[in-house]
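Have a look at start.cif; it's mmCIF, C-alpha atoms:
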data_protein
loop_
_atom_site.label_atom_id
_atom_site.label_comp_id
_atom_site.auth_asym_id
_atom_site.auth_seq_id
_atom_site.Cartn_x
_atom_site.Cartn_y
_atom_site.Cartn_z
CA MET A 151 264.98 69.42 -31.59
CA THR A 152 267.16 68.03 -28.79
CA LEU A 153 264.49 68.26 -26.08
CA PRO A 154 262.76 66.59 -24.38
CA MET A 155 265.45 64.15 -23.30
CA VAL A 156 264.29 60.60 -23.96
CA VAL A 157 264.01 58.48 -20.81
CA PRO A 158 261.92 55.34 -21.49
CA GLN A 159 259.88 53.75 -18.73
CA GLU A 160 259.23 50.04 -18.38
CA GLY A 161 255.73 48.72 -18.98
CA LEU A 162 254.60 51.36 -21.48
CA PRO A 163 253.64 50.81 -25.14
CA SER A 164 256.35 51.30 -27.77
CA ARG A 165 253.94 53.16 -30.07
CA VAL A 166 250.76 55.21 -29.60
CA ARG A 167 248.23 56.07 -32.27
CA ILE A 168 246.97 59.60 -31.82
CA HIS A 169 243.35 60.05 -32.86
CA GLU A 170 243.40 63.73 -33.83
CA VAL A 171 240.05 65.47 -33.15
CA GLY A 172 240.96 69.14 -33.65
CA ALA A 173 239.23 69.57 -36.99
CA ARG A 174 235.91 68.21 -35.69
CA ASP A 175 235.67 68.27 -31.89
CA GLY A 176 238.07 71.20 -31.75
CA LEU A 177 236.30 73.47 -34.20
CA GLN A 178 232.67 72.55 -33.53
CA ASN A 179 232.48 75.02 -30.62
CA GLU A 180 233.76 78.03 -32.54
CA LYS A 181 231.14 80.77 -32.72
CA ALA A 182 232.62 82.52 -35.76
CA ALA A 183 232.41 80.46 -38.94
CA VAL A 184 235.69 78.88 -40.03
CA ALA A 185 235.96 78.81 -43.82
CA THR A 186 235.88 75.43 -45.54
CA ASP A 187 239.20 76.22 -47.24
CA VAL A 188 240.81 76.83 -43.84
CA LYS A 189 239.46 73.54 -42.46
CA ALA A 190 240.75 71.66 -45.50
CA GLU A 191 244.20 73.20 -45.18
CA PHE A 192 244.21 72.49 -41.44
CA ILE A 193 243.59 68.78 -42.09
CA HIS A 194 246.22 68.66 -44.84
CA ARG A 195 248.76 70.30 -42.50
CA LEU A 196 247.92 67.85 -39.71
CA ALA A 197 248.52 64.92 -42.07
CA ASP A 198 251.78 66.48 -43.26
CA ALA A 199 252.85 66.62 -39.60
CA GLY A 200 252.52 62.85 -39.43
CA LEU A 201 249.10 62.30 -37.87
CA THR A 202 247.55 59.16 -39.33
CA THR A 203 244.00 59.41 -37.94
CA ILE A 204 242.31 62.80 -38.31
CA GLU A 205 238.62 63.17 -37.53
CA ALA A 206 237.45 65.36 -40.36
CA THR A 207 233.90 66.55 -39.68
CA SER A 208 230.42 65.58 -38.53
CA PHE A 209 227.33 64.76 -40.57
CA VAL A 210 225.01 66.04 -37.88
CA HIS A 211 222.11 68.34 -38.76
CA PRO A 212 223.44 71.90 -39.29
CA LYS A 213 220.88 73.20 -36.80
CA TRP A 214 222.72 71.46 -33.96
CA VAL A 215 226.33 72.17 -34.97
CA PRO A 216 226.35 75.06 -37.48
CA GLN A 217 230.16 75.15 -37.59
CA LEU A 218 230.20 71.75 -39.32
CA ALA A 219 227.38 72.45 -41.78
CA ASP A 220 229.88 72.29 -44.66
CA ALA A 221 230.61 68.54 -44.32
CA GLU A 222 229.52 67.82 -47.91
CA GLN A 223 231.75 70.59 -49.23
CA LEU A 224 234.75 69.74 -47.03
CA PHE A 225 235.06 65.97 -47.31
CA PRO A 226 235.67 65.80 -51.10
CA ARG A 227 238.57 68.25 -50.70
CA LEU A 228 240.38 65.71 -48.54
CA ALA A 229 240.65 62.94 -51.14
CA ASP A 230 244.43 63.33 -51.35
CA VAL A 231 245.02 63.31 -47.57
CA LYS A 232 247.22 60.37 -46.60
CA ALA A 233 245.48 59.56 -43.33
CA ASP A 234 242.37 57.84 -42.06
CA LEU A 235 239.53 60.38 -41.96
CA PRO A 236 236.74 59.23 -39.63
CA VAL A 237 233.55 61.30 -39.47
CA LEU A 238 230.85 61.56 -36.82
CA VAL A 239 227.39 60.29 -37.81
CA PRO A 240 224.48 60.85 -35.39
CA ASN A 241 221.97 58.57 -37.12
CA GLU A 242 221.19 56.64 -40.31
CA ARG A 243 220.61 59.83 -42.30
CA GLY A 244 224.05 61.14 -41.32
CA LEU A 245 225.56 57.77 -42.18
CA GLU A 246 224.01 57.77 -45.65
CA ARG A 247 225.41 61.26 -46.29
CA ALA A 248 228.87 60.09 -45.21
CA LEU A 249 228.76 56.87 -47.23
CA ALA A 250 227.67 58.79 -50.33
CA LEU A 251 230.95 60.71 -50.14
CA GLY A 252 233.06 57.58 -49.69
CA ALA A 253 233.69 57.67 -45.94
CA THR A 254 235.24 54.42 -44.71
CA ARG A 255 235.41 55.20 -40.98
CA VAL A 256 232.53 56.60 -38.93
CA ALA A 257 231.80 57.26 -35.27
CA VAL A 258 228.62 57.31 -33.20
CA PHE A 259 228.30 59.37 -30.03
CA ALA A 260 226.72 57.79 -26.95
CA SER A 261 226.57 58.75 -23.29
CA ALA A 262 227.27 56.88 -20.08
CA SER A 263 224.77 59.03 -18.17
CA GLU A 264 221.02 59.54 -18.47
CA SER A 265 221.18 63.32 -18.04
CA PHE A 266 223.68 63.87 -20.84
CA ALA A 267 221.81 61.51 -23.17
CA LYS A 268 218.71 63.65 -22.64
CA ALA A 269 220.62 66.94 -23.04
CA ASN A 270 222.63 65.85 -26.07
CA LEU A 271 220.28 63.43 -27.85
CA ASN A 272 216.89 64.20 -26.28
CA ARG A 273 216.57 60.51 -25.41
CA THR A 274 216.99 58.21 -22.44
CA LEU A 275 220.14 56.12 -22.29
CA ASP A 276 218.34 53.01 -23.54
CA GLU A 277 216.56 54.95 -26.29
CA ALA A 278 219.87 56.44 -27.45
CA LEU A 279 221.49 53.00 -27.63
CA ALA A 280 218.48 51.65 -29.54
CA MET A 281 218.80 54.57 -31.97
CA PHE A 282 222.41 53.64 -32.73
CA GLU A 283 221.74 49.96 -33.45
CA PRO A 284 220.47 50.38 -37.05
CA THR A 285 223.16 52.97 -37.77
CA VAL A 286 225.97 50.67 -36.61
CA ALA A 287 224.41 47.66 -38.37
CA ARG A 288 224.12 49.58 -41.64
CA ALA A 289 227.72 50.81 -41.34
CA LYS A 290 229.00 47.28 -40.77
CA GLU A 291 226.99 46.05 -43.78
CA ALA A 292 228.80 48.69 -45.83
CA GLY A 293 232.18 47.44 -44.58
CA VAL A 294 232.85 50.61 -42.60
CA HIS A 295 234.93 50.84 -39.42
CA VAL A 296 232.79 52.08 -36.51
CA ARG A 297 234.08 53.90 -33.45
CA GLY A 298 231.80 54.37 -30.45
CA TYR A 299 232.33 57.57 -28.47
CA LEU A 300 231.17 57.33 -24.90
CA SER A 301 230.89 60.65 -23.09
CA MET A 302 230.61 61.29 -19.34
CA CYS A 303 232.57 58.15 -18.41
CA PHE A 304 234.01 59.74 -15.27
CA GLY A 305 231.51 62.37 -14.22
CA ASP A 306 228.40 64.24 -15.32
CA PRO A 307 227.63 67.96 -14.73
CA TRP A 308 224.09 67.14 -13.59
CA GLU A 309 224.49 63.76 -11.88
CA GLY A 310 228.00 64.01 -10.47
CA PRO A 311 229.97 60.75 -10.32
CA VAL A 312 228.98 58.11 -12.89
CA PRO A 313 229.15 54.57 -11.43
CA VAL A 314 231.83 52.41 -13.05
CA PRO A 315 229.42 49.45 -13.59
CA GLN A 316 227.07 51.76 -15.52
CA VAL A 317 229.90 52.82 -17.85
CA VAL A 318 230.92 49.19 -18.35
CA GLN A 319 227.32 48.25 -19.22
CA VAL A 320 227.07 50.89 -21.95
CA CYS A 321 230.51 49.97 -23.31
CA ARG A 322 229.46 46.32 -23.56
CA ALA A 323 226.25 47.35 -25.36
CA LEU A 324 228.20 49.38 -27.95
CA LEU A 325 230.64 46.54 -28.61
CA ASP A 326 227.82 43.99 -28.79
CA MET A 327 226.03 46.04 -31.45
CA GLY A 328 229.17 46.00 -33.60
CA CYS A 329 231.46 48.92 -32.72
CA ASP A 330 235.08 48.15 -33.60
CA GLU A 331 236.59 50.43 -30.96
CA LEU A 332 235.45 52.65 -28.10
CA SER A 333 236.66 56.05 -26.96
CA LEU A 334 236.22 56.65 -23.23
CA GLY A 335 235.43 60.32 -22.79
CA ASP A 336 236.12 62.43 -19.72
CA THR A 337 233.84 65.12 -21.11
CA ILE A 338 234.06 67.54 -18.17
CA GLY A 339 237.62 66.69 -17.21
CA VAL A 340 237.00 65.35 -13.71
CA ALA A 341 238.85 62.01 -13.98
CA THR A 342 241.90 61.18 -11.90
CA ALA A 343 244.51 58.49 -12.51
CA GLY A 344 243.10 55.99 -10.03
CA HIS A 345 239.63 56.34 -11.51
CA VAL A 346 241.05 55.71 -14.98
CA ARG A 347 242.76 52.51 -13.83
CA ALA A 348 239.61 51.34 -12.04
CA LEU A 349 237.44 51.79 -15.13
CA LEU A 350 239.92 50.09 -17.46
CA THR A 351 240.28 47.17 -15.05
CA ALA A 352 236.49 46.81 -14.74
CA LEU A 353 236.13 46.83 -18.53
CA ASN A 354 238.73 44.07 -18.87
CA GLU A 355 236.93 42.03 -16.21
CA ALA A 356 233.72 42.41 -18.25
CA GLY A 357 235.43 40.99 -21.33
CA VAL A 358 236.31 44.27 -23.05
CA PRO A 359 239.88 43.98 -24.39
CA THR A 360 242.23 46.91 -23.88
CA GLU A 361 243.14 46.97 -27.59
CA LYS A 362 239.57 48.05 -28.39
CA LEU A 363 239.79 51.07 -26.10
CA GLY A 364 240.95 54.62 -26.65
CA VAL A 365 240.89 57.49 -24.14
CA HIS A 366 239.65 61.03 -24.59
CA PHE A 367 240.58 63.41 -21.77
CA HIS A 368 239.76 67.06 -21.19
CA ASP A 369 242.12 69.23 -19.18
CA THR A 370 239.56 71.10 -17.06
CA TYR A 371 241.41 70.33 -13.80
CA GLY A 372 244.86 69.86 -15.34
CA GLN A 373 244.68 66.06 -15.16
CA ALA A 374 244.64 65.07 -18.86
CA LEU A 375 248.30 64.04 -19.14
CA ALA A 376 248.31 62.25 -15.77
CA ASN A 377 245.20 60.34 -16.81
CA THR A 378 246.76 59.50 -20.16
CA TYR A 379 249.86 58.15 -18.41
CA ALA A 380 247.66 55.93 -16.25
CA ALA A 381 245.96 54.61 -19.39
CA LEU A 382 249.34 53.92 -21.02
CA GLN A 383 250.41 51.96 -17.96
CA HIS A 384 247.31 49.83 -18.45
CA GLY A 385 248.27 49.14 -22.07
CA VAL A 386 246.05 51.60 -23.94
CA THR A 387 247.64 52.60 -27.26
CA THR A 388 245.01 54.94 -28.75
CA VAL A 389 244.78 58.46 -27.34
CA ASP A 390 242.48 61.22 -28.57
CA ALA A 391 243.91 64.73 -28.68
CA SER A 392 243.21 68.06 -30.32
CA ALA A 393 245.84 70.15 -32.10
CA GLY A 394 246.47 73.29 -30.11
CA GLY A 395 244.10 72.13 -27.36
CA LEU A 396 241.07 73.30 -29.32
CA GLY A 397 237.56 72.40 -28.33
CA GLY A 398 235.28 71.34 -25.57
CA CYS A 399 231.69 70.17 -25.81
CA PRO A 400 228.81 72.42 -26.94
CA PHE A 401 226.33 70.46 -24.82
CA ALA A 402 228.32 70.55 -21.56
CA LYS A 403 229.17 74.09 -20.43
CA SER A 404 231.72 72.91 -17.87
CA ALA A 405 233.79 71.14 -20.55
CA THR A 406 236.96 73.02 -21.37
CA GLY A 407 239.51 72.18 -24.02
CA ASN A 408 240.68 68.79 -25.09
CA LEU A 409 244.13 67.45 -24.31
CA ALA A 410 246.47 69.32 -26.66
CA THR A 411 248.12 67.05 -29.21
CA GLU A 412 251.43 68.89 -28.83
CA ASP A 413 251.46 68.42 -25.05
CA LEU A 414 250.74 64.72 -25.56
CA VAL A 415 253.49 64.34 -28.18
CA TRP A 416 256.02 66.11 -25.92
CA MET A 417 255.31 63.66 -23.11
CA LEU A 418 255.36 60.61 -25.39
CA GLN A 419 258.63 61.69 -27.02
CA GLY A 420 260.22 62.04 -23.61
CA LEU A 421 259.10 58.50 -22.78
CA GLY A 422 260.57 57.17 -26.02
CA ILE A 423 257.12 56.25 -27.36
CA ASP A 424 256.78 56.50 -31.14
CA THR A 425 253.89 58.52 -32.61
CA GLY A 426 255.17 59.28 -36.10
CA VAL A 427 254.44 62.97 -35.47
CA ASP A 428 256.80 65.81 -36.36
CA LEU A 429 256.33 68.09 -33.35
CA ASP A 430 257.76 71.21 -35.03
CA ARG A 431 255.36 70.88 -37.95
CA LEU A 432 252.46 70.25 -35.61
CA VAL A 433 253.28 73.32 -33.50
CA ALA A 434 253.49 75.44 -36.66
CA THR A 435 250.09 74.13 -37.75
CA SER A 436 248.43 74.95 -34.44
CA ALA A 437 250.02 78.40 -34.37
CA TRP A 438 248.69 78.95 -37.90
CA MET A 439 245.16 77.92 -36.85
CA ALA A 440 245.35 80.09 -33.72
CA ASP A 441 246.07 83.07 -35.98
CA HIS A 442 242.97 82.24 -38.03
CA LEU A 443 240.89 82.01 -34.86
CA GLY A 444 242.32 85.26 -33.53
CA ARG A 445 243.58 84.01 -30.17
CA PRO A 446 246.63 82.23 -28.75
CA SER A 447 246.70 78.45 -28.52
CA PRO A 448 245.95 77.07 -25.04
CA SER A 449 248.59 74.36 -25.58
CA ARG A 450 251.56 74.95 -23.29
CA THR A 451 253.89 73.23 -25.74
CA VAL A 452 252.71 75.38 -28.64
CA ARG A 453 253.28 78.51 -26.54
CA ALA A 454 256.70 77.38 -25.34
CA LEU A 455 258.04 76.35 -28.74
CA SER A 456 256.45 79.28 -30.62
CA HIS A 457 258.02 81.69 -28.11
CA LYS A 458 261.45 80.11 -28.61
CA GLU A 459 261.19 80.68 -32.37
CA GLN A 460 260.50 84.41 -32.00
#

Show how you would write the structure in this file as structure tokens.
Amino acid sequence: MTLPMVVPQEGLPSRVRIHEVGARDGLQNEKAAVATDVKAEFIHRLADAGLTTIEATSFVHPKWVPQLADAEQLFPRLADVKADLPVLVPNERGLERALALGATRVAVFASASESFAKANLNRTLDEALAMFEPTVARAKEAGVHVRGYLSMCFGDPWEGPVPVPQVVQVCRALLDMGCDELSLGDTIGVATAGHVRALLTALNEAGVPTEKLGVHFHDTYGQALANTYAALQHGVTTVDASAGGLGGCPFAKSATGNLATEDLVWMLQGLGIDTGVDLDRLVATSAWMADHLGRPSPSRTVRALSHKEQ
């Protein structure tokens, strides 16, 4: 492919690690069951496209996320995948299930707001953090890498704006309990570039290094790429994205799809930033999954490049 034309910009990272969430965060909202074989092939195709971190599934109770009830069946089928395969674990029981299958990277899911903690975890913010402590401690004892997801970092559907100091406080708590990295989630997609810079600056001032931070933007108001660019300017090198723009959040009705991996790769390629991703292969993979789901991909890049091939 000769486009996009590469025009590097000063002050941006030379390489970005894409944390691909399509197979977990992307599919968890699907009402119709996606076959385990399809999920396994999806993850294999994503790895073949050059993605090196692919979140595979969640070991949450099937009652809460029925779409991911096949975690025990899926994970063993990924043994030959040449990529890191983190999995979401909600508690110690989920962690034990993941460890029993050989998982080496796990993630816990916290909230920056009281309302979402109650809606998602049925706990107060402090109770939710206390619940994660033994899970993170046990994971670290097992030599496992732990990612801390933090949702509602920029706004909450019930509370509105979430104060920056409150987000910083929860981030510090997650790092202090042993998380190796944090993912700052704009769960309902209300962040803007200035807000992103303000939060990242406040985190640095509180002793949270940029290299421990990733960003996770939703495109509800069309701001995901602009917010990502602001994070890159700050030095962030880990960006969450979902192949084909799949997903949202089952516990926040106003959350629309994640930032599409293809749209992110298009922008990064144009900036001369290395991702290791073969965009053509990735587009083909997302088009393949869209066929399985019976609807077109919301990714603009997938639509544009798929149309050109027809």

With the file shown as input, list the residues that the PyMOL selection byres ((chain A and resi 295-309) around 9) selects, as a ChimeraX atom specification. /A:236,238,254-266,286,289-290,293-294,310-314,316-317,320-321,324-325,328-342,345-346,349,366,402-404

Okay, now the selection with C-alpha atoms, as a PDB file, in the coordinates of the input?
ATOM      1  CA  PRO A 236     236.740  59.230 -39.630  1.00  0.00           C
ATOM      2  CA  LEU A 238     230.850  61.560 -36.820  1.00  0.00           C
ATOM      3  CA  THR A 254     235.240  54.420 -44.710  1.00  0.00           C
ATOM      4  CA  ARG A 255     235.410  55.200 -40.980  1.00  0.00           C
ATOM      5  CA  VAL A 256     232.530  56.600 -38.930  1.00  0.00           C
ATOM      6  CA  ALA A 257     231.800  57.260 -35.270  1.00  0.00           C
ATOM      7  CA  VAL A 258     228.620  57.310 -33.200  1.00  0.00           C
ATOM      8  CA  PHE A 259     228.300  59.370 -30.030  1.00  0.00           C
ATOM      9  CA  ALA A 260     226.720  57.790 -26.950  1.00  0.00           C
ATOM     10  CA  SER A 261     226.570  58.750 -23.290  1.00  0.00           C
ATOM     11  CA  ALA A 262     227.270  56.880 -20.080  1.00  0.00           C
ATOM     12  CA  SER A 263     224.770  59.030 -18.170  1.00  0.00           C
ATOM     13  CA  GLU A 264     221.020  59.540 -18.470  1.00  0.00           C
ATOM     14  CA  SER A 265     221.180  63.320 -18.040  1.00  0.00           C
ATOM     15  CA  PHE A 266     223.680  63.870 -20.840  1.00  0.00           C
ATOM     16  CA  VAL A 286     225.970  50.670 -36.610  1.00  0.00           C
ATOM     17  CA  ALA A 289     227.720  50.810 -41.340  1.00  0.00           C
ATOM     18  CA  LYS A 290     229.000  47.280 -40.770  1.00  0.00           C
ATOM     19  CA  GLY A 293     232.180  47.440 -44.580  1.00  0.00           C
ATOM     20  CA  VAL A 294     232.850  50.610 -42.600  1.00  0.00           C
ATOM     21  CA  GLY A 310     228.000  64.010 -10.470  1.00  0.00           C
ATOM     22  CA  PRO A 311     229.970  60.750 -10.320  1.00  0.00           C
ATOM     23  CA  VAL A 312     228.980  58.110 -12.890  1.00  0.00           C
ATOM     24  CA  PRO A 313     229.150  54.570 -11.430  1.00  0.00           C
ATOM     25  CA  VAL A 314     231.830  52.410 -13.050  1.00  0.00           C
ATOM     26  CA  GLN A 316     227.070  51.760 -15.520  1.00  0.00           C
ATOM     27  CA  VAL A 317     229.900  52.820 -17.850  1.00  0.00           C
ATOM     28  CA  VAL A 320     227.070  50.890 -21.950  1.00  0.00           C
ATOM     29  CA  CYS A 321     230.510  49.970 -23.310  1.00  0.00           C
ATOM     30  CA  LEU A 324     228.200  49.380 -27.950  1.00  0.00           C
ATOM     31  CA  LEU A 325     230.640  46.540 -28.610  1.00  0.00           C
ATOM     32  CA  GLY A 328     229.170  46.000 -33.600  1.00  0.00           C
ATOM     33  CA  CYS A 329     231.460  48.920 -32.720  1.00  0.00           C
ATOM     34  CA  ASP A 330     235.080  48.150 -33.600  1.00  0.00           C
ATOM     35  CA  GLU A 331     236.590  50.430 -30.960  1.00  0.00           C
ATOM     36  CA  LEU A 332     235.450  52.650 -28.100  1.00  0.00           C
ATOM     37  CA  SER A 333     236.660  56.050 -26.960  1.00  0.00           C
ATOM     38  CA  LEU A 334     236.220  56.650 -23.230  1.00  0.00           C
ATOM     39  CA  GLY A 335     235.430  60.320 -22.790  1.00  0.00           C
ATOM     40  CA  ASP A 336     236.120  62.430 -19.720  1.00  0.00           C
ATOM     41  CA  THR A 337     233.840  65.120 -21.110  1.00  0.00           C
ATOM     42  CA  ILE A 338     234.060  67.540 -18.170  1.00  0.00           C
ATOM     43  CA  GLY A 339     237.620  66.690 -17.210  1.00  0.00           C
ATOM     44  CA  VAL A 340     237.000  65.350 -13.710  1.00  0.00           C
ATOM     45  CA  ALA A 341     238.850  62.010 -13.980  1.00  0.00           C
ATOM     46  CA  THR A 342     241.900  61.180 -11.900  1.00  0.00           C
ATOM     47  CA  HIS A 345     239.630  56.340 -11.510  1.00  0.00           C
ATOM     48  CA  VAL A 346     241.050  55.710 -14.980  1.00  0.00           C
ATOM     49  CA  LEU A 349     237.440  51.790 -15.130  1.00  0.00           C
ATOM     50  CA  HIS A 366     239.650  61.030 -24.590  1.00  0.00           C
ATOM     51  CA  ALA A 402     228.320  70.550 -21.560  1.00  0.00           C
ATOM     52  CA  LYS A 403     229.170  74.090 -20.430  1.00  0.00           C
ATOM     53  CA  SER A 404     231.720  72.910 -17.870  1.00  0.00           C
TER      54      SER A 404
END

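Non-sequential neighbours of Asp234 in chain A (distance at most 10 Å, separation of 2 or more positions within a chain, only C-alpha atoms) are His169, Ala197, Leu201, Thr202, Thr203, Ile204, Glu205, Ala206, Val231, Lys232, Pro236, Val237, Ala253, Thr254 and Arg255 of chain A.
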
Using all atoms listed in the file, determine which residues lie at most 10 Å from Ala173 in chain A, disregarding the query and same-chain residues fewer than 5 positions distant; provide the list as a list in words. Gln178, Lys189, Ala190, Phe192, Ile193, Leu196, Ile204, Glu205, Ala206, Thr207, Ser208, Leu218, Ser392, Ala393, Leu396 and Gly397 of chain A

Pull C-alpha atoms from the residues just selected and write them as a PDB file, keeping the file's coordinate frame.
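Output below, filename selection.pdb:
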ATOM      1  CA  GLN A 178     232.670  72.550 -33.530  1.00  0.00           C
ATOM      2  CA  LYS A 189     239.460  73.540 -42.460  1.00  0.00           C
ATOM      3  CA  ALA A 190     240.750  71.660 -45.500  1.00  0.00           C
ATOM      4  CA  PHE A 192     244.210  72.490 -41.440  1.00  0.00           C
ATOM      5  CA  ILE A 193     243.590  68.780 -42.090  1.00  0.00           C
ATOM      6  CA  LEU A 196     247.920  67.850 -39.710  1.00  0.00           C
ATOM      7  CA  ILE A 204     242.310  62.800 -38.310  1.00  0.00           C
ATOM      8  CA  GLU A 205     238.620  63.170 -37.530  1.00  0.00           C
ATOM      9  CA  ALA A 206     237.450  65.360 -40.360  1.00  0.00           C
ATOM     10  CA  THR A 207     233.900  66.550 -39.680  1.00  0.00           C
ATOM     11  CA  SER A 208     230.420  65.580 -38.530  1.00  0.00           C
ATOM     12  CA  LEU A 218     230.200  71.750 -39.320  1.00  0.00           C
ATOM     13  CA  SER A 392     243.210  68.060 -30.320  1.00  0.00           C
ATOM     14  CA  ALA A 393     245.840  70.150 -32.100  1.00  0.00           C
ATOM     15  CA  LEU A 396     241.070  73.300 -29.320  1.00  0.00           C
ATOM     16  CA  GLY A 397     237.560  72.400 -28.330  1.00  0.00           C
TER      17      GLY A 397
END

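Once the PyMOL selection byres ((chain A and resi 369-379) around 7) is applied to this file, the selection holds A:Ile338, A:Gly339, A:Val340, A:Thr342, A:Ala343, A:Val346, A:Phe367, A:His368, A:Ala380, A:Ala381, A:Leu382, A:Gln383, A:Ala405, A:Thr406, A:Gly407, A:Asn408, A:Leu409, A:Leu414.
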
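Distances to Ala391 in chain A were evaluated for A:Val171, A:Asp276, A:Ala292, A:Ala248 using all atoms listed in the file, and the minimum falls at A:Val171.
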
Residues picked by the PyMOL selection byres ((chain A and resi 428) around 12) here, as a short mmCIF file (atom, residue, chain, number, x, y, z; two decimals) with C-alpha atoms, keeping the file's coordinate frame?
data_model
loop_
_atom_site.label_atom_id
_atom_site.label_comp_id
_atom_site.auth_asym_id
_atom_site.auth_seq_id
_atom_site.Cartn_x
_atom_site.Cartn_y
_atom_site.Cartn_z
CA MET A 151 264.98 69.42 -31.59
CA ARG A 195 248.76 70.30 -42.50
CA LEU A 196 247.92 67.85 -39.71
CA ALA A 197 248.52 64.92 -42.07
CA ASP A 198 251.78 66.48 -43.26
CA ALA A 199 252.85 66.62 -39.60
CA GLY A 200 252.52 62.85 -39.43
CA LEU A 201 249.10 62.30 -37.87
CA THR A 202 247.55 59.16 -39.33
CA THR A 411 248.12 67.05 -29.21
CA GLU A 412 251.43 68.89 -28.83
CA VAL A 415 253.49 64.34 -28.18
CA TRP A 416 256.02 66.11 -25.92
CA GLN A 419 258.63 61.69 -27.02
CA ASP A 424 256.78 56.50 -31.14
CA THR A 425 253.89 58.52 -32.61
CA GLY A 426 255.17 59.28 -36.10
CA VAL A 427 254.44 62.97 -35.47
CA LEU A 429 256.33 68.09 -33.35
CA ASP A 430 257.76 71.21 -35.03
CA ARG A 431 255.36 70.88 -37.95
CA LEU A 432 252.46 70.25 -35.61
CA VAL A 433 253.28 73.32 -33.50
CA ALA A 434 253.49 75.44 -36.66
CA THR A 435 250.09 74.13 -37.75
#

For a test of reading the model, state the distance in Å between CA of Gly252 in chain A and CA of Leu235 in chain A, rounded to one decimal. 10.5 Å

Any chance you could work out the axis-aligned box around range 230-236 of chain A, listed atoms only, 4 Å on each side, giving centre and edge lengths in Å to one decimal, as AutoDock Vina command-line options?
--center_x 242.0 --center_y 60.6 --center_z -45.5 --size_x 18.5 --size_y 13.5 --size_z 19.7

Name all residues at most 9 Å from His442 in chain A (count all atoms listed in the file; drop same-chain ones fewer than 3 positions away) and give them as a PyMOL selection string. chain A and resi 184+188+437-439+445

Using all atoms listed in the file, pick whichever of A:Gly395, A:Pro216, A:Pro446, A:Gly385 has the shortest atom-to-atom distance to Glu180 in chain A. A:Pro216

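CA of Gly394 in chain A is positioned 8.6 Å from CA of Thr451 in chain A.
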
Excluding Ile168 in chain A and any residue of its chain fewer than 3 positions from it, enumerate the residues within 6 Å of it, using all atoms listed in the file, and give them as JSON, numbers by chain. {"A": [388, 389, 390]}

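For the atom pair formed by CA of Thr186 in chain A and CA of Glu246 in chain A, the distance is 21.3 Å, given to one decimal.
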
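When the distance limit is 10 Å and all atoms listed in the file are what count, the residues near Gln223 in chain A, minus those fewer than 3 positions from it on the same chain, are Thr186, Asp187, Ala190, Ala219, Asp220, Pro226, Arg227, Leu228 and Leu251 of chain A.
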
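The closest residue to Ile423 in chain A, picked from A:Val156, A:Ala182, A:Leu271, A:Val365 and counting all atoms listed in the file, is A:Val156.
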
Between A:Ala323, A:Leu245, A:Ala267, A:Val318, smallest distance to Leu353 in chain A by all atoms listed in the file belongs to A:Val318
